[in-house]
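Presented below is the structure to which this report refers.
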Amino acid sequence: MSLLQEWRDFAYGHDDNTKEGQDFWLSYFQIEKGIYEQLLSNPTEVVTGSVKSLADRYITTISMMVGFLDGINDSLKTPNPIEEMTEDTVVSLDIDLEKLYYNMVGAKAQWLYELPMWKTLLSDEKRKELYKESRSASTVVKGPKIGRNDPCPCGSGKKYKFCCGR
């Protein structure tokens, strides 16, 4: 089993409604916040290393580091091969700052997108723009309701109730 699958089975196996589950996620989020604070304090440095060395560098377990890498992977300029990574896989944290901020807002990770470092990394206008864009991306807009006796939108020429409405 891959490290990523082990992390996902372990992490998502915790029930958020139990004290143990809540404690686990609070612990993870504190570790995640600490890593982001260090990364965003020096945004020009591209951090690279094996999964194990990064876990040592950020004083966490390999499992928690894998969780962090899973979360940040979509915000990197070049994603890491997280599906098949091992402790010795060398990964790079070359962050796309705008994408990272956008994804943090999308994940509703307020404790991350409100870190004070963002004020020096992205302008107020850019943060507002990314915030609005991320929030509207998750807004579902419903089309007009199709009545039973309306023509079917598939173009068959039949009434909806006799075609796709079944």
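Ordering of the structure tokens sets the chain letters (A, B, ...); residue numbers start at 1 within each chain; ligands are numbered from 1 in the order shown.
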**OP:** Select from chain A everything DSSP, run on the backbone, classes as helix (DSSP H, G or I), then give the selection as a VMD selection string.
**Re:** chain A and resid 3 to 11 19 to 41 51 to 57 62 to 75 82 to 84 97 to 106 110 to 113 118 to 121 124 to 137 160 to 162
Subject >> Pick from A:Ser53, A:Gly13, A:Leu130, A:Gly106, whichever lies nearest to Trp25 in chain A using only C-alpha atoms >> reply: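 Of A:Ser53, A:Gly13, A:Leu130, A:Gly106, the one nearest Trp25 in chain A is A:Gly13, counting only C-alpha atoms.
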Original post:
Pick from A:Leu40, A:Thr78, A:Lys159, A:Glu6: nearest to Tyr113 in chain A, with only C-alpha atoms counted?
Top reply: A:Leu40
Original post:
Nearest to Ala55 in chain A: which of A:Tyr28, A:Trp111, A:Phe68, A:Tyr101 is it, counting only C-alpha atoms?
Top reply: A:Phe68
Subject >> Distance query Pro43 in chain A at most 9 Å, only C-alpha atoms, self and fewer than 3 positions along chain excluded, as an MDAnalysis selection string >> reply: chainID A and resid 38:40 46 94:95 97 121
I need the residues from that last selection saved to file as a PDB file, in the first residue's frame (with all heavy atoms), if you can.
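What landed in again_0.pdb:
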ATOM      1  N   GLN A  38       6.332  28.627   7.770  1.00  0.00           N
ATOM      2  CA  GLN A  38       7.746  28.575   7.393  1.00  0.00           C
ATOM      3  C   GLN A  38       7.931  28.749   5.887  1.00  0.00           C
ATOM      4  O   GLN A  38       8.811  29.488   5.441  1.00  0.00           O
ATOM      5  CB  GLN A  38       8.363  27.254   7.858  1.00  0.00           C
ATOM      6  CG  GLN A  38       8.483  27.152   9.364  1.00  0.00           C
ATOM      7  CD  GLN A  38       9.088  25.827   9.780  1.00  0.00           C
ATOM      8  OE1 GLN A  38      10.145  25.454   9.297  1.00  0.00           O
ATOM      9  NE2 GLN A  38       8.408  25.124  10.670  1.00  0.00           N
ATOM     10  N   LEU A  39       7.100  28.084   5.091  1.00  0.00           N
ATOM     11  CA  LEU A  39       7.221  28.183   3.637  1.00  0.00           C
ATOM     12  C   LEU A  39       6.927  29.604   3.143  1.00  0.00           C
ATOM     13  O   LEU A  39       7.641  30.127   2.285  1.00  0.00           O
ATOM     14  CB  LEU A  39       6.270  27.197   2.949  1.00  0.00           C
ATOM     15  CG  LEU A  39       6.629  25.721   3.039  1.00  0.00           C
ATOM     16  CD1 LEU A  39       5.492  24.869   2.494  1.00  0.00           C
ATOM     17  CD2 LEU A  39       7.921  25.437   2.292  1.00  0.00           C
ATOM     18  N   LEU A  40       5.880  30.219   3.675  1.00  0.00           N
ATOM     19  CA  LEU A  40       5.487  31.542   3.205  1.00  0.00           C
ATOM     20  C   LEU A  40       6.391  32.652   3.742  1.00  0.00           C
ATOM     21  O   LEU A  40       6.404  33.750   3.197  1.00  0.00           O
ATOM     22  CB  LEU A  40       4.021  31.821   3.572  1.00  0.00           C
ATOM     23  CG  LEU A  40       2.998  30.899   2.899  1.00  0.00           C
ATOM     24  CD1 LEU A  40       1.593  31.196   3.416  1.00  0.00           C
ATOM     25  CD2 LEU A  40       3.057  31.021   1.385  1.00  0.00           C
ATOM     26  N   VAL A  46      12.788  27.342  -2.986  1.00  0.00           N
ATOM     27  CA  VAL A  46      12.073  26.141  -3.415  1.00  0.00           C
ATOM     28  C   VAL A  46      12.599  24.997  -2.561  1.00  0.00           C
ATOM     29  O   VAL A  46      13.736  24.573  -2.706  1.00  0.00           O
ATOM     30  CB  VAL A  46      12.288  25.852  -4.914  1.00  0.00           C
ATOM     31  CG1 VAL A  46      11.597  24.550  -5.306  1.00  0.00           C
ATOM     32  CG2 VAL A  46      11.778  27.007  -5.757  1.00  0.00           C
ATOM     33  N   ASP A  94       7.686  23.811  -5.020  1.00  0.00           N
ATOM     34  CA  ASP A  94       7.758  25.032  -5.822  1.00  0.00           C
ATOM     35  C   ASP A  94       6.333  25.571  -5.942  1.00  0.00           C
ATOM     36  O   ASP A  94       5.574  25.191  -6.833  1.00  0.00           O
ATOM     37  CB  ASP A  94       8.361  24.720  -7.191  1.00  0.00           C
ATOM     38  CG  ASP A  94       8.711  25.975  -7.966  1.00  0.00           C
ATOM     39  OD1 ASP A  94       8.633  27.084  -7.389  1.00  0.00           O
ATOM     40  OD2 ASP A  94       9.063  25.850  -9.154  1.00  0.00           O
ATOM     41  N   ILE A  95       5.992  26.464  -5.032  1.00  0.00           N
ATOM     42  CA  ILE A  95       4.599  26.900  -4.847  1.00  0.00           C
ATOM     43  C   ILE A  95       4.198  27.988  -5.829  1.00  0.00           C
ATOM     44  O   ILE A  95       4.930  28.952  -6.040  1.00  0.00           O
ATOM     45  CB  ILE A  95       4.398  27.412  -3.410  1.00  0.00           C
ATOM     46  CG1 ILE A  95       4.743  26.330  -2.398  1.00  0.00           C
ATOM     47  CG2 ILE A  95       2.979  27.914  -3.199  1.00  0.00           C
ATOM     48  CD1 ILE A  95       4.815  26.828  -0.962  1.00  0.00           C
ATOM     49  N   LEU A  97       1.944  30.810  -5.695  1.00  0.00           N
ATOM     50  CA  LEU A  97       1.293  31.510  -4.586  1.00  0.00           C
ATOM     51  C   LEU A  97      -0.177  31.825  -4.847  1.00  0.00           C
ATOM     52  O   LEU A  97      -1.017  31.658  -3.963  1.00  0.00           O
ATOM     53  CB  LEU A  97       2.059  32.782  -4.239  1.00  0.00           C
ATOM     54  CG  LEU A  97       3.447  32.563  -3.649  1.00  0.00           C
ATOM     55  CD1 LEU A  97       4.181  33.882  -3.500  1.00  0.00           C
ATOM     56  CD2 LEU A  97       3.361  31.840  -2.314  1.00  0.00           C
ATOM     57  N   LEU A 121       2.848  38.984   0.419  1.00  0.00           N
ATOM     58  CA  LEU A 121       3.016  38.150  -0.772  1.00  0.00           C
ATOM     59  C   LEU A 121       2.068  38.520  -1.902  1.00  0.00           C
ATOM     60  O   LEU A 121       2.444  38.456  -3.070  1.00  0.00           O
ATOM     61  CB  LEU A 121       2.822  36.671  -0.403  1.00  0.00           C
ATOM     62  CG  LEU A 121       3.811  36.107   0.609  1.00  0.00           C
ATOM     63  CD1 LEU A 121       3.418  34.695   1.013  1.00  0.00           C
ATOM     64  CD2 LEU A 121       5.216  36.134   0.036  1.00  0.00           C
TER      65      LEU A 121
END
Original post:
Using only C-alpha atoms, which of A:Ala137, A:Glu98, A:Tyr58, A:Lys108 sits nearest Ser123 in chain A?
Top reply: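 With only C-alpha atoms as the atom set, the closest residue is A:Glu98.
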Subject >> Residues near Pro79 in chain A, cut-off 10 Å, only C-alpha atoms, skip fewer than 3 positions along chain, as a list in words >> reply: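 Close residues of Pro79 in chain A: Leu69, Asp70, Ile72, Asn73, Asp74, Ser75, Leu76, Ile82, Val91, Ser92, Leu93, Asp94 and Ile95 of chain A.
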Write the residues you've just listed into a file as a CSV table (one decimal), in the first residue's frame, and include C-alpha atoms for each of them.
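As written to disk, selection-v6.csv reads:
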chain,number,residue,atom,x,y,z
A,69,LEU,CA,2.0,16.9,0.5
A,70,ASP,CA,-1.4,15.6,-0.6
A,72,ILE,CA,-0.4,21.2,-1.3
A,73,ASN,CA,0.1,19.2,-4.5
A,74,ASP,CA,-2.5,21.0,-6.5
A,75,SER,CA,-0.9,24.4,-5.6
A,76,LEU,CA,2.6,23.5,-6.9
A,82,ILE,CA,2.3,11.6,-4.6
A,91,VAL,CA,9.7,16.0,-3.8
A,92,SER,CA,9.8,19.7,-4.5
A,93,LEU,CA,7.6,22.5,-3.0
A,94,ASP,CA,7.8,25.0,-5.8
A,95,ILE,CA,4.6,26.9,-4.8
Original post:
Excluding same-chain residues fewer than 3 positions from Phe29 in chain A, what lies within 10 Å of it counting only C-alpha atoms, as a PyMOL selection string?
Top reply: chain A and resi 23-26+32-35+64+68+109+111-112
Original post:
Could you work out how far CA of Glu84 in chain A lies from CA of Val51 in chain A, giving the answer in Å with one decimal?
Top reply: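 Separating CA of Val51 in chain A from CA of Glu84 in chain A is a distance of 11.9 Å.
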Subject >> Surrounding residues of Lys52 in chain A excluding itself and chain neighbours under 6 positions, 8 Å, only C-alpha atoms, as a list in words >> reply: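 Near neighbours after the sequence-gap exclusion: Ile62, Glu87 and Asp88 of chain A.
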**OP:** Enumerate, as a VMD selection string, the complete set of residues in range 38-148 of chain A that a backbone-based DSSP assignment places in strand (DSSP E).
**Re:** chain A and resid 47 to 50 90 to 93
Just C-alpha atoms for this one: save the residues we selected as a compact mmCIF listing (two decimals), in the first residue's frame.
# COMPACT_ATOMS: atom_id res chain seq x y z
CA VAL A 47 12.16 23.47 -0.72
CA THR A 48 13.19 20.03 -1.97
CA GLY A 49 14.06 16.77 -0.29
CA SER A 50 12.86 13.28 0.40
CA VAL A 90 12.40 13.41 -3.57
CA VAL A 91 9.68 16.05 -3.77
CA SER A 92 9.77 19.74 -4.55
CA LEU A 93 7.63 22.46 -3.00
Original post:
Hey, which of A:Lys128, A:Lys161, A:Arg8, A:Arg166 ends up closest to Gly147 in chain A? Count only C-alpha atoms.
Top reply: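 The shortest atom-to-atom distance to Gly147 in chain A comes from A:Lys161.
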**OP:** To one decimal in Å, tell me the separation between CA of Cys152 in chain A and CA of Cys164 in chain A.
**Re:** 6.8 Å
